[in-house]
>>> print(open('work17.txt').read())   # compact mmCIF, N, CA and C atoms
# COMPACT_ATOMS: atom_id res chain seq x y z
N MET A 1 82.26 -35.77 79.20
CA MET A 1 82.70 -35.78 80.58
C MET A 1 84.01 -36.58 80.72
N GLN A 2 84.13 -37.64 79.95
CA GLN A 2 85.35 -38.44 80.02
C GLN A 2 86.57 -37.62 79.63
N GLN A 3 86.41 -36.74 78.65
CA GLN A 3 87.53 -35.89 78.24
C GLN A 3 87.92 -34.95 79.39
N ALA A 4 86.95 -34.46 80.14
CA ALA A 4 87.23 -33.59 81.29
C ALA A 4 88.02 -34.37 82.34
N VAL A 5 87.64 -35.61 82.59
CA VAL A 5 88.35 -36.44 83.55
C VAL A 5 89.79 -36.64 83.10
N GLN A 6 89.98 -36.94 81.83
CA GLN A 6 91.34 -37.13 81.31
C GLN A 6 92.16 -35.85 81.42
N SER A 7 91.55 -34.72 81.10
CA SER A 7 92.26 -33.43 81.19
C SER A 7 92.64 -33.11 82.63
N LEU A 8 91.73 -33.38 83.57
CA LEU A 8 92.03 -33.12 84.97
C LEU A 8 93.12 -34.06 85.49
N ASN A 9 93.08 -35.31 85.07
CA ASN A 9 94.16 -36.23 85.46
C ASN A 9 95.49 -35.73 84.93
N SER A 10 95.50 -35.25 83.71
CA SER A 10 96.72 -34.71 83.12
C SER A 10 97.19 -33.47 83.88
N ALA A 11 96.26 -32.59 84.21
CA ALA A 11 96.61 -31.37 84.97
C ALA A 11 97.17 -31.73 86.33
N TYR A 12 96.60 -32.75 86.97
CA TYR A 12 97.11 -33.18 88.27
C TYR A 12 98.53 -33.72 88.14
N MET A 13 98.77 -34.51 87.12
CA MET A 13 100.11 -35.05 86.90
C MET A 13 101.12 -33.93 86.67
N GLN A 14 100.73 -32.91 85.93
CA GLN A 14 101.62 -31.77 85.69
C GLN A 14 101.85 -30.98 86.97
N ALA A 15 100.80 -30.81 87.77
CA ALA A 15 100.92 -30.00 89.00
C ALA A 15 101.74 -30.70 90.07
N THR A 16 101.75 -32.03 90.05
CA THR A 16 102.40 -32.77 91.14
C THR A 16 103.56 -33.65 90.68
N ASN A 17 103.78 -33.73 89.38
CA ASN A 17 104.76 -34.67 88.83
C ASN A 17 104.45 -36.10 89.24
N GLY A 18 103.16 -36.37 89.47
CA GLY A 18 102.73 -37.72 89.85
C GLY A 18 103.00 -38.08 91.29
N ASP A 19 103.44 -37.12 92.09
CA ASP A 19 103.78 -37.38 93.50
C ASP A 19 102.62 -36.93 94.39
N ASP A 20 101.92 -37.90 94.99
CA ASP A 20 100.79 -37.58 95.86
C ASP A 20 101.19 -36.85 97.13
N LYS A 21 102.46 -36.78 97.41
CA LYS A 21 102.92 -36.05 98.60
C LYS A 21 102.99 -34.54 98.35
N VAL A 22 102.91 -34.15 97.08
CA VAL A 22 102.95 -32.72 96.74
C VAL A 22 101.64 -32.10 97.19
N ALA A 23 101.74 -31.08 98.02
CA ALA A 23 100.55 -30.42 98.55
C ALA A 23 100.54 -28.97 98.11
N THR A 24 99.70 -28.67 97.14
CA THR A 24 99.52 -27.29 96.70
C THR A 24 98.03 -27.02 96.61
N PRO A 25 97.63 -25.76 96.73
CA PRO A 25 96.20 -25.45 96.56
C PRO A 25 95.69 -25.91 95.19
N GLN A 26 96.53 -25.81 94.17
CA GLN A 26 96.13 -26.23 92.83
C GLN A 26 95.86 -27.74 92.78
N ALA A 27 96.71 -28.52 93.43
CA ALA A 27 96.51 -29.97 93.45
C ALA A 27 95.19 -30.31 94.13
N ALA A 28 94.90 -29.66 95.25
CA ALA A 28 93.64 -29.92 95.94
C ALA A 28 92.45 -29.55 95.07
N GLN A 29 92.52 -28.41 94.39
CA GLN A 29 91.42 -27.97 93.54
C GLN A 29 91.22 -28.91 92.36
N ILE A 30 92.31 -29.37 91.77
CA ILE A 30 92.20 -30.31 90.65
C ILE A 30 91.53 -31.60 91.12
N LEU A 31 91.91 -32.09 92.30
CA LEU A 31 91.28 -33.31 92.84
C LEU A 31 89.79 -33.09 93.08
N GLN A 32 89.43 -31.92 93.58
CA GLN A 32 88.01 -31.62 93.80
C GLN A 32 87.25 -31.58 92.48
N ASN A 33 87.83 -30.95 91.49
CA ASN A 33 87.18 -30.88 90.17
C ASN A 33 87.05 -32.26 89.54
N LEU A 34 88.09 -33.07 89.68
CA LEU A 34 88.04 -34.43 89.18
C LEU A 34 86.94 -35.22 89.88
N ALA A 35 86.83 -35.05 91.18
CA ALA A 35 85.79 -35.73 91.94
C ALA A 35 84.40 -35.31 91.46
N GLN A 36 84.22 -34.03 91.17
CA GLN A 36 82.92 -33.56 90.68
C GLN A 36 82.56 -34.25 89.35
N CYS A 37 83.54 -34.39 88.49
CA CYS A 37 83.30 -35.06 87.20
C CYS A 37 82.94 -36.53 87.43
N LEU A 38 83.64 -37.18 88.33
CA LEU A 38 83.38 -38.59 88.60
C LEU A 38 81.98 -38.77 89.20
N ARG A 39 81.60 -37.86 90.07
CA ARG A 39 80.25 -37.95 90.65
C ARG A 39 79.20 -37.73 89.58
N ALA A 40 79.44 -36.80 88.67
CA ALA A 40 78.51 -36.55 87.57
C ALA A 40 78.38 -37.78 86.67
N GLN A 41 79.45 -38.58 86.62
CA GLN A 41 79.42 -39.83 85.84
C GLN A 41 78.81 -40.98 86.62
N LYS A 42 78.23 -40.68 87.78
CA LYS A 42 77.61 -41.70 88.64
C LYS A 42 78.64 -42.70 89.15
N ARG A 43 79.81 -42.17 89.52
CA ARG A 43 80.89 -42.99 90.08
C ARG A 43 81.21 -42.48 91.48
N PRO A 44 80.27 -42.64 92.43
CA PRO A 44 80.44 -42.04 93.75
C PRO A 44 81.61 -42.60 94.56
N ILE A 45 81.96 -43.83 94.37
CA ILE A 45 83.09 -44.40 95.11
C ILE A 45 84.39 -43.74 94.65
N ASP A 46 84.57 -43.63 93.34
CA ASP A 46 85.76 -42.97 92.81
C ASP A 46 85.78 -41.49 93.20
N ALA A 47 84.63 -40.85 93.13
CA ALA A 47 84.54 -39.44 93.51
C ALA A 47 84.91 -39.26 94.98
N GLN A 48 84.40 -40.13 95.82
CA GLN A 48 84.71 -40.06 97.26
C GLN A 48 86.22 -40.15 97.49
N ARG A 49 86.87 -41.04 96.79
CA ARG A 49 88.34 -41.20 96.94
C ARG A 49 89.06 -39.90 96.56
N MET A 50 88.61 -39.25 95.50
CA MET A 50 89.25 -38.00 95.08
C MET A 50 89.01 -36.89 96.11
N TYR A 51 87.78 -36.80 96.64
CA TYR A 51 87.50 -35.80 97.68
C TYR A 51 88.33 -36.08 98.93
N GLU A 52 88.50 -37.34 99.27
CA GLU A 52 89.32 -37.69 100.43
C GLU A 52 90.78 -37.32 100.20
N ARG A 53 91.26 -37.52 98.98
CA ARG A 53 92.64 -37.11 98.65
C ARG A 53 92.76 -35.59 98.72
N ALA A 54 91.77 -34.87 98.21
CA ALA A 54 91.78 -33.41 98.28
C ALA A 54 91.79 -32.95 99.74
N LEU A 55 91.03 -33.63 100.58
CA LEU A 55 91.00 -33.29 102.00
C LEU A 55 92.36 -33.54 102.65
N GLU A 56 93.01 -34.63 102.29
CA GLU A 56 94.36 -34.91 102.82
C GLU A 56 95.34 -33.81 102.42
N VAL A 57 95.29 -33.40 101.17
CA VAL A 57 96.17 -32.33 100.69
C VAL A 57 95.87 -31.04 101.47
N SER A 58 94.60 -30.73 101.63
CA SER A 58 94.21 -29.51 102.36
C SER A 58 94.68 -29.55 103.81
N HIS A 59 94.59 -30.70 104.44
CA HIS A 59 95.07 -30.82 105.82
C HIS A 59 96.58 -30.56 105.89
N ARG A 60 97.32 -31.06 104.91
CA ARG A 60 98.76 -30.81 104.91
C ARG A 60 99.06 -29.33 104.69
N LEU A 61 98.23 -28.66 103.89
CA LEU A 61 98.44 -27.25 103.60
C LEU A 61 98.02 -26.33 104.75
N TYR A 62 96.86 -26.61 105.32
CA TYR A 62 96.22 -25.63 106.20
C TYR A 62 96.02 -26.08 107.64
N GLY A 63 96.38 -27.31 107.99
CA GLY A 63 96.11 -27.77 109.34
C GLY A 63 94.71 -28.36 109.44
N ASP A 64 94.24 -28.50 110.67
CA ASP A 64 93.00 -29.25 110.89
C ASP A 64 91.71 -28.46 110.90
N ASP A 65 91.75 -27.15 111.11
CA ASP A 65 90.49 -26.43 111.32
C ASP A 65 90.18 -25.40 110.23
N HIS A 66 90.65 -25.62 109.04
CA HIS A 66 90.45 -24.68 107.94
C HIS A 66 89.04 -24.83 107.36
N ALA A 67 88.38 -23.73 107.06
CA ALA A 67 87.00 -23.75 106.57
C ALA A 67 86.86 -24.51 105.25
N SER A 68 87.89 -24.52 104.44
CA SER A 68 87.79 -25.22 103.15
C SER A 68 87.61 -26.73 103.33
N HIS A 69 88.02 -27.27 104.47
CA HIS A 69 87.83 -28.70 104.72
C HIS A 69 86.34 -29.05 104.73
N ALA A 70 85.52 -28.10 105.16
CA ALA A 70 84.08 -28.36 105.23
C ALA A 70 83.50 -28.68 103.86
N LEU A 71 84.01 -28.03 102.82
CA LEU A 71 83.52 -28.33 101.47
C LEU A 71 83.81 -29.77 101.08
N ASN A 72 85.00 -30.24 101.42
CA ASN A 72 85.32 -31.64 101.12
C ASN A 72 84.45 -32.59 101.92
N HIS A 73 84.22 -32.27 103.20
CA HIS A 73 83.34 -33.13 104.01
C HIS A 73 81.93 -33.15 103.43
N LEU A 74 81.45 -32.00 102.98
CA LEU A 74 80.13 -31.91 102.37
C LEU A 74 80.06 -32.79 101.12
N CYS A 75 81.08 -32.71 100.29
CA CYS A 75 81.10 -33.51 99.06
C CYS A 75 81.26 -34.99 99.34
N ILE A 76 82.06 -35.34 100.33
CA ILE A 76 82.20 -36.75 100.73
C ILE A 76 80.84 -37.26 101.21
N ALA A 77 80.13 -36.43 101.97
CA ALA A 77 78.80 -36.81 102.45
C ALA A 77 77.86 -37.11 101.29
N ARG A 78 77.92 -36.29 100.27
CA ARG A 78 77.06 -36.50 99.10
C ARG A 78 77.40 -37.83 98.40
N CYS A 79 78.67 -38.13 98.32
CA CYS A 79 79.09 -39.41 97.70
C CYS A 79 78.60 -40.59 98.54
N LEU A 80 78.72 -40.47 99.84
CA LEU A 80 78.25 -41.54 100.73
C LEU A 80 76.74 -41.70 100.61
N ARG A 81 76.03 -40.58 100.54
CA ARG A 81 74.58 -40.63 100.36
C ARG A 81 74.24 -41.33 99.05
N ASP A 82 74.98 -40.99 98.00
CA ASP A 82 74.75 -41.62 96.70
C ASP A 82 74.93 -43.14 96.77
N GLN A 83 75.80 -43.59 97.68
CA GLN A 83 76.05 -45.02 97.84
C GLN A 83 75.07 -45.68 98.81
N GLY A 84 74.17 -44.87 99.37
CA GLY A 84 73.20 -45.40 100.33
C GLY A 84 73.76 -45.55 101.74
N LEU A 85 74.91 -44.97 102.00
CA LEU A 85 75.56 -45.07 103.31
C LEU A 85 75.15 -43.86 104.16
N ILE A 86 73.90 -43.80 104.51
CA ILE A 86 73.32 -42.63 105.15
C ILE A 86 73.95 -42.29 106.51
N PRO A 87 74.14 -43.25 107.42
CA PRO A 87 74.78 -42.87 108.70
C PRO A 87 76.18 -42.26 108.51
N ASP A 88 76.95 -42.81 107.58
CA ASP A 88 78.28 -42.26 107.31
C ASP A 88 78.18 -40.88 106.67
N ALA A 89 77.20 -40.70 105.80
CA ALA A 89 76.98 -39.40 105.17
C ALA A 89 76.64 -38.35 106.23
N ILE A 90 75.79 -38.71 107.15
CA ILE A 90 75.39 -37.77 108.21
C ILE A 90 76.61 -37.33 109.01
N LYS A 91 77.51 -38.24 109.31
CA LYS A 91 78.73 -37.89 110.05
C LYS A 91 79.55 -36.85 109.30
N GLN A 92 79.64 -37.00 107.98
CA GLN A 92 80.40 -36.04 107.18
C GLN A 92 79.68 -34.69 107.11
N TYR A 93 78.36 -34.71 106.99
CA TYR A 93 77.59 -33.45 107.01
C TYR A 93 77.83 -32.73 108.33
N VAL A 94 77.81 -33.47 109.42
CA VAL A 94 78.01 -32.87 110.74
C VAL A 94 79.40 -32.25 110.85
N LYS A 95 80.41 -32.93 110.33
CA LYS A 95 81.77 -32.37 110.34
C LYS A 95 81.81 -31.04 109.60
N ALA A 96 81.16 -30.97 108.44
CA ALA A 96 81.13 -29.73 107.67
C ALA A 96 80.46 -28.62 108.47
N ILE A 97 79.34 -28.92 109.05
CA ILE A 97 78.60 -27.92 109.83
C ILE A 97 79.42 -27.45 111.02
N GLN A 98 80.09 -28.38 111.70
CA GLN A 98 80.92 -28.00 112.86
C GLN A 98 82.03 -27.04 112.46
N ILE A 99 82.69 -27.33 111.34
CA ILE A 99 83.78 -26.45 110.89
C ILE A 99 83.24 -25.07 110.59
N TRP A 100 82.15 -24.99 109.82
CA TRP A 100 81.61 -23.69 109.45
C TRP A 100 81.05 -22.93 110.64
N SER A 101 80.45 -23.63 111.57
CA SER A 101 79.80 -22.94 112.70
C SER A 101 80.81 -22.40 113.70
N GLU A 102 82.04 -22.87 113.66
CA GLU A 102 83.07 -22.39 114.58
C GLU A 102 83.79 -21.15 114.07
N LYS A 103 83.43 -20.68 112.88
CA LYS A 103 84.10 -19.52 112.28
C LYS A 103 83.07 -18.46 111.92
N ASP A 104 83.52 -17.21 111.92
CA ASP A 104 82.61 -16.16 111.47
C ASP A 104 82.61 -16.10 109.95
N ASP A 105 81.65 -15.36 109.39
CA ASP A 105 81.48 -15.28 107.94
C ASP A 105 82.75 -14.87 107.22
N LYS A 106 83.40 -13.83 107.69
CA LYS A 106 84.58 -13.31 107.00
C LYS A 106 85.71 -14.33 106.98
N GLU A 107 85.89 -15.03 108.08
CA GLU A 107 86.95 -16.04 108.13
C GLU A 107 86.63 -17.20 107.18
N CYS A 108 85.37 -17.62 107.14
CA CYS A 108 84.98 -18.68 106.20
C CYS A 108 85.27 -18.26 104.77
N LEU A 109 84.89 -17.04 104.42
CA LEU A 109 85.10 -16.57 103.05
C LEU A 109 86.58 -16.46 102.71
N ARG A 110 87.37 -16.00 103.67
CA ARG A 110 88.81 -15.87 103.44
C ARG A 110 89.45 -17.24 103.21
N GLU A 111 88.96 -18.25 103.90
CA GLU A 111 89.53 -19.59 103.81
C GLU A 111 88.94 -20.44 102.69
N MET A 112 87.88 -19.93 102.04
CA MET A 112 87.24 -20.69 100.97
C MET A 112 87.12 -19.84 99.71
N PRO A 113 88.23 -19.60 99.03
CA PRO A 113 88.18 -18.74 97.84
C PRO A 113 87.32 -19.32 96.72
N GLU A 114 87.04 -20.63 96.77
CA GLU A 114 86.24 -21.24 95.71
C GLU A 114 84.75 -20.92 95.83
N VAL A 115 84.33 -20.33 96.96
CA VAL A 115 82.93 -19.94 97.13
C VAL A 115 82.72 -18.62 96.39
N PRO A 116 81.71 -18.55 95.53
CA PRO A 116 81.46 -17.30 94.80
C PRO A 116 81.21 -16.14 95.75
N ASN A 117 81.66 -14.96 95.38
CA ASN A 117 81.58 -13.80 96.26
C ASN A 117 80.25 -13.06 96.20
N ALA A 118 79.47 -13.22 95.15
CA ALA A 118 78.25 -12.44 95.00
C ALA A 118 77.30 -12.62 96.19
N ARG A 119 77.12 -13.82 96.65
CA ARG A 119 76.23 -14.09 97.77
C ARG A 119 76.98 -14.70 98.94
N SER A 120 78.27 -14.60 98.96
CA SER A 120 79.06 -15.35 99.92
C SER A 120 78.69 -15.09 101.37
N GLU A 121 78.61 -13.84 101.78
CA GLU A 121 78.30 -13.57 103.18
C GLU A 121 76.92 -14.07 103.54
N GLU A 122 75.96 -13.85 102.66
CA GLU A 122 74.60 -14.35 102.91
C GLU A 122 74.61 -15.87 102.97
N HIS A 123 75.37 -16.51 102.06
CA HIS A 123 75.42 -17.96 101.98
C HIS A 123 76.02 -18.57 103.25
N THR A 124 77.14 -18.02 103.72
CA THR A 124 77.76 -18.60 104.92
C THR A 124 76.88 -18.37 106.13
N SER A 125 76.16 -17.25 106.17
CA SER A 125 75.22 -17.01 107.28
C SER A 125 74.13 -18.08 107.28
N GLU A 126 73.65 -18.43 106.08
CA GLU A 126 72.65 -19.47 105.98
C GLU A 126 73.21 -20.80 106.48
N LEU A 127 74.45 -21.11 106.15
CA LEU A 127 75.06 -22.36 106.57
C LEU A 127 75.26 -22.41 108.07
N GLN A 128 75.52 -21.26 108.68
CA GLN A 128 75.78 -21.22 110.11
C GLN A 128 74.51 -21.10 110.94
N SER A 129 73.39 -20.78 110.33
CA SER A 129 72.14 -20.62 111.06
C SER A 129 71.65 -21.98 111.58
N PRO A 130 71.09 -21.97 112.80
CA PRO A 130 70.58 -23.26 113.34
C PRO A 130 69.36 -23.75 112.63
>>> encode(input="work17.txt", output="structure tokens")
Amino acid sequence: MQQAVQSLNSAYMQATNGDDKVATPQAAQILQNLAQCLRAQKRPIDAQRMYERALEVSHRLYGDDHASHALNHLCIARCLRDQGLIPDAIKQYVKAIQIWSEKDDKECLREMPEVPNARSEEHTSELQSP
């Protein structure tokens, strides 16, 4: 797993030239992948920071109401839960649900290319169901 973290850090440096102001979909995806590795290593604080950075990049790219932001909020919530910060985790879960519930299935899928397509419409319907 450590090798994956190093490779992702290297990929991020190549994608951004080390400049955190660079906002590309690739940079956001690399940060999300890096965060997943850090969470798998039981480093929820570091993972949370990477998800927050990915969310910042996504906000610069897509504005405030893009469906892909919900994935970052969901992942931030999981990191907060891992840290025992349950009230803060709930707030992030609620943000994710609000974003997804304000969009129809097709719009969610169009804005979240990282969601697998095989069950995508069924999956987003499940997420939007009360």
>>> residues_around(input="work17.txt", residues="segment 111-113 of chain A", least_positions_apart="4", cutoff="6 Å", atoms="all atoms listed in the file", output="PyMOL selection string")
chain A and resi 67-68+106-107
>>> atom_distance(input="work17.txt", atom1="atom CA of Val57 of chain A", atom2="atom CA of Ala23 of chain A")
5.2 Å
>>> residues_around(input="work17.txt", residues="Leu31 of chain A", least_positions_apart="3", cutoff="6 Å", atoms="all atoms listed in the file", output="JSON, numbers by chain")
{"A": [26, 27, 28, 34, 35, 36, 50, 51, 54]}
>>> select_by_dssp(input="work17.txt", residues="segment 61-117 of chain A", states="helix (DSSP H, G or I)", output="PDB file with N, CA and C atoms, keeping the file's coordinate frame")
ATOM      1  N   LEU A  61      98.230 -28.660 103.890  1.00  0.00           N
ATOM      2  CA  LEU A  61      98.440 -27.250 103.600  1.00  0.00           C
ATOM      3  C   LEU A  61      98.020 -26.330 104.750  1.00  0.00           C
ATOM      4  N   TYR A  62      96.860 -26.610 105.320  1.00  0.00           N
ATOM      5  CA  TYR A  62      96.220 -25.630 106.200  1.00  0.00           C
ATOM      6  C   TYR A  62      96.020 -26.080 107.640  1.00  0.00           C
ATOM      7  N   SER A  68      87.890 -24.520 104.440  1.00  0.00           N
ATOM      8  CA  SER A  68      87.790 -25.220 103.150  1.00  0.00           C
ATOM      9  C   SER A  68      87.610 -26.730 103.330  1.00  0.00           C
ATOM     10  N   HIS A  69      88.020 -27.270 104.470  1.00  0.00           N
ATOM     11  CA  HIS A  69      87.830 -28.700 104.720  1.00  0.00           C
ATOM     12  C   HIS A  69      86.340 -29.050 104.730  1.00  0.00           C
ATOM     13  N   ALA A  70      85.520 -28.100 105.160  1.00  0.00           N
ATOM     14  CA  ALA A  70      84.080 -28.360 105.230  1.00  0.00           C
ATOM     15  C   ALA A  70      83.500 -28.680 103.860  1.00  0.00           C
ATOM     16  N   LEU A  71      84.010 -28.030 102.820  1.00  0.00           N
ATOM     17  CA  LEU A  71      83.520 -28.330 101.470  1.00  0.00           C
ATOM     18  C   LEU A  71      83.810 -29.770 101.080  1.00  0.00           C
ATOM     19  N   ASN A  72      85.000 -30.240 101.420  1.00  0.00           N
ATOM     20  CA  ASN A  72      85.320 -31.640 101.120  1.00  0.00           C
ATOM     21  C   ASN A  72      84.450 -32.590 101.920  1.00  0.00           C
ATOM     22  N   HIS A  73      84.220 -32.270 103.200  1.00  0.00           N
ATOM     23  CA  HIS A  73      83.340 -33.130 104.010  1.00  0.00           C
ATOM     24  C   HIS A  73      81.930 -33.150 103.430  1.00  0.00           C
ATOM     25  N   LEU A  74      81.450 -32.000 102.980  1.00  0.00           N
ATOM     26  CA  LEU A  74      80.130 -31.910 102.370  1.00  0.00           C
ATOM     27  C   LEU A  74      80.060 -32.790 101.120  1.00  0.00           C
ATOM     28  N   CYS A  75      81.080 -32.710 100.290  1.00  0.00           N
ATOM     29  CA  CYS A  75      81.100 -33.510  99.060  1.00  0.00           C
ATOM     30  C   CYS A  75      81.260 -34.990  99.340  1.00  0.00           C
ATOM     31  N   ILE A  76      82.060 -35.340 100.330  1.00  0.00           N
ATOM     32  CA  ILE A  76      82.200 -36.750 100.730  1.00  0.00           C
ATOM     33  C   ILE A  76      80.840 -37.260 101.210  1.00  0.00           C
ATOM     34  N   ALA A  77      80.130 -36.430 101.970  1.00  0.00           N
ATOM     35  CA  ALA A  77      78.800 -36.810 102.450  1.00  0.00           C
ATOM     36  C   ALA A  77      77.860 -37.110 101.290  1.00  0.00           C
ATOM     37  N   ARG A  78      77.920 -36.290 100.270  1.00  0.00           N
ATOM     38  CA  ARG A  78      77.060 -36.500  99.100  1.00  0.00           C
ATOM     39  C   ARG A  78      77.400 -37.830  98.400  1.00  0.00           C
ATOM     40  N   CYS A  79      78.670 -38.130  98.320  1.00  0.00           N
ATOM     41  CA  CYS A  79      79.090 -39.410  97.700  1.00  0.00           C
ATOM     42  C   CYS A  79      78.600 -40.590  98.540  1.00  0.00           C
ATOM     43  N   LEU A  80      78.720 -40.470  99.840  1.00  0.00           N
ATOM     44  CA  LEU A  80      78.250 -41.540 100.730  1.00  0.00           C
ATOM     45  C   LEU A  80      76.740 -41.700 100.610  1.00  0.00           C
ATOM     46  N   ARG A  81      76.030 -40.580 100.540  1.00  0.00           N
ATOM     47  CA  ARG A  81      74.580 -40.630 100.360  1.00  0.00           C
ATOM     48  C   ARG A  81      74.240 -41.330  99.050  1.00  0.00           C
ATOM     49  N   ASP A  82      74.980 -40.990  98.000  1.00  0.00           N
ATOM     50  CA  ASP A  82      74.750 -41.620  96.700  1.00  0.00           C
ATOM     51  C   ASP A  82      74.930 -43.140  96.770  1.00  0.00           C
ATOM     52  N   ILE A  86      73.900 -43.800 104.510  1.00  0.00           N
ATOM     53  CA  ILE A  86      73.320 -42.630 105.150  1.00  0.00           C
ATOM     54  C   ILE A  86      73.950 -42.290 106.510  1.00  0.00           C
ATOM     55  N   PRO A  87      74.140 -43.250 107.420  1.00  0.00           N
ATOM     56  CA  PRO A  87      74.780 -42.870 108.700  1.00  0.00           C
ATOM     57  C   PRO A  87      76.180 -42.260 108.510  1.00  0.00           C
ATOM     58  N   ASP A  88      76.950 -42.810 107.580  1.00  0.00           N
ATOM     59  CA  ASP A  88      78.280 -42.260 107.310  1.00  0.00           C
ATOM     60  C   ASP A  88      78.180 -40.880 106.670  1.00  0.00           C
ATOM     61  N   ALA A  89      77.200 -40.700 105.800  1.00  0.00           N
ATOM     62  CA  ALA A  89      76.980 -39.400 105.170  1.00  0.00           C
ATOM     63  C   ALA A  89      76.640 -38.350 106.230  1.00  0.00           C
ATOM     64  N   ILE A  90      75.790 -38.710 107.150  1.00  0.00           N
ATOM     65  CA  ILE A  90      75.390 -37.770 108.210  1.00  0.00           C
ATOM     66  C   ILE A  90      76.610 -37.330 109.010  1.00  0.00           C
ATOM     67  N   LYS A  91      77.510 -38.240 109.310  1.00  0.00           N
ATOM     68  CA  LYS A  91      78.730 -37.890 110.050  1.00  0.00           C
ATOM     69  C   LYS A  91      79.550 -36.850 109.300  1.00  0.00           C
ATOM     70  N   GLN A  92      79.640 -37.000 107.980  1.00  0.00           N
ATOM     71  CA  GLN A  92      80.400 -36.040 107.180  1.00  0.00           C
ATOM     72  C   GLN A  92      79.680 -34.690 107.110  1.00  0.00           C
ATOM     73  N   TYR A  93      78.360 -34.710 106.990  1.00  0.00           N
ATOM     74  CA  TYR A  93      77.590 -33.450 107.010  1.00  0.00           C
ATOM     75  C   TYR A  93      77.830 -32.730 108.330  1.00  0.00           C
ATOM     76  N   VAL A  94      77.810 -33.470 109.420  1.00  0.00           N
ATOM     77  CA  VAL A  94      78.010 -32.870 110.740  1.00  0.00           C
ATOM     78  C   VAL A  94      79.400 -32.250 110.850  1.00  0.00           C
ATOM     79  N   LYS A  95      80.410 -32.930 110.330  1.00  0.00           N
ATOM     80  CA  LYS A  95      81.770 -32.370 110.340  1.00  0.00           C
ATOM     81  C   LYS A  95      81.810 -31.040 109.600  1.00  0.00           C
ATOM     82  N   ALA A  96      81.160 -30.970 108.440  1.00  0.00           N
ATOM     83  CA  ALA A  96      81.130 -29.730 107.670  1.00  0.00           C
ATOM     84  C   ALA A  96      80.460 -28.620 108.470  1.00  0.00           C
ATOM     85  N   ILE A  97      79.340 -28.920 109.050  1.00  0.00           N
ATOM     86  CA  ILE A  97      78.600 -27.920 109.830  1.00  0.00           C
ATOM     87  C   ILE A  97      79.420 -27.450 111.020  1.00  0.00           C
ATOM     88  N   GLN A  98      80.090 -28.380 111.700  1.00  0.00           N
ATOM     89  CA  GLN A  98      80.920 -28.000 112.860  1.00  0.00           C
ATOM     90  C   GLN A  98      82.030 -27.040 112.460  1.00  0.00           C
ATOM     91  N   ILE A  99      82.690 -27.330 111.340  1.00  0.00           N
ATOM     92  CA  ILE A  99      83.780 -26.450 110.890  1.00  0.00           C
ATOM     93  C   ILE A  99      83.240 -25.070 110.590  1.00  0.00           C
ATOM     94  N   TRP A 100      82.150 -24.990 109.820  1.00  0.00           N
ATOM     95  CA  TRP A 100      81.610 -23.690 109.450  1.00  0.00           C
ATOM     96  C   TRP A 100      81.050 -22.930 110.640  1.00  0.00           C
ATOM     97  N   SER A 101      80.450 -23.630 111.570  1.00  0.00           N
ATOM     98  CA  SER A 101      79.800 -22.940 112.700  1.00  0.00           C
ATOM     99  C   SER A 101      80.810 -22.400 113.700  1.00  0.00           C
ATOM    100  N   ASP A 105      81.650 -15.360 109.390  1.00  0.00           N
ATOM    101  CA  ASP A 105      81.480 -15.280 107.940  1.00  0.00           C
ATOM    102  C   ASP A 105      82.750 -14.870 107.220  1.00  0.00           C
ATOM    103  N   LYS A 106      83.400 -13.830 107.690  1.00  0.00           N
ATOM    104  CA  LYS A 106      84.580 -13.310 107.000  1.00  0.00           C
ATOM    105  C   LYS A 106      85.710 -14.330 106.980  1.00  0.00           C
ATOM    106  N   GLU A 107      85.890 -15.030 108.080  1.00  0.00           N
ATOM    107  CA  GLU A 107      86.950 -16.040 108.130  1.00  0.00           C
ATOM    108  C   GLU A 107      86.630 -17.200 107.180  1.00  0.00           C
ATOM    109  N   CYS A 108      85.370 -17.620 107.140  1.00  0.00           N
ATOM    110  CA  CYS A 108      84.980 -18.680 106.200  1.00  0.00           C
ATOM    111  C   CYS A 108      85.270 -18.260 104.770  1.00  0.00           C
ATOM    112  N   LEU A 109      84.890 -17.040 104.420  1.00  0.00           N
ATOM    113  CA  LEU A 109      85.100 -16.570 103.050  1.00  0.00           C
ATOM    114  C   LEU A 109      86.580 -16.460 102.710  1.00  0.00           C
ATOM    115  N   ARG A 110      87.370 -16.000 103.670  1.00  0.00           N
ATOM    116  CA  ARG A 110      88.810 -15.870 103.440  1.00  0.00           C
ATOM    117  C   ARG A 110      89.450 -17.240 103.210  1.00  0.00           C
ATOM    118  N   GLU A 111      88.960 -18.250 103.900  1.00  0.00           N
ATOM    119  CA  GLU A 111      89.530 -19.590 103.810  1.00  0.00           C
ATOM    120  C   GLU A 111      88.940 -20.440 102.690  1.00  0.00           C
TER     121      GLU A 111
END
>>> closest_residue(input="work17.txt", among="A:Ile45, A:Ala89, A:Arg39, A:Trp100", to="His66 of chain A", atoms="only N, CA and C atoms")
A:Trp100
>>> atom_distance(input="work17.txt", atom1="atom CA of Ile90 of chain A", atom2="atom N of Arg78 of chain A")
8.5 Å
>>> closest_residue(input="work17.txt", among="A:Lys95, A:Lys103, A:Lys42, A:Arg110", to="Leu74 of chain A", atoms="only N, CA and C atoms")
A:Lys95
>>> decode(input="work17.txt", residues="segment 45-60 of chain A", atoms="C-alpha atoms", output="compact mmCIF listing (two decimals), in the first residue's frame")
# COMPACT_ATOMS: atom_id res chain seq x y z
CA ILE A 45 -6.92 12.22 9.39
CA ASP A 46 -4.55 12.20 6.42
CA ALA A 47 -7.24 10.66 4.22
CA GLN A 48 -9.71 13.35 5.27
CA ARG A 49 -7.23 16.07 4.27
CA MET A 50 -6.83 14.52 0.81
CA TYR A 51 -10.62 14.23 0.32
CA GLU A 52 -10.97 17.86 1.40
CA ARG A 53 -8.31 18.89 -1.12
CA ALA A 54 -10.10 16.87 -3.82
CA LEU A 55 -13.34 18.65 -2.89
CA GLU A 56 -11.63 22.04 -3.17
CA VAL A 57 -10.31 21.15 -6.63
CA SER A 58 -13.77 19.94 -7.68
CA HIS A 59 -15.38 23.16 -6.46
CA ARG A 60 -12.94 25.17 -8.56
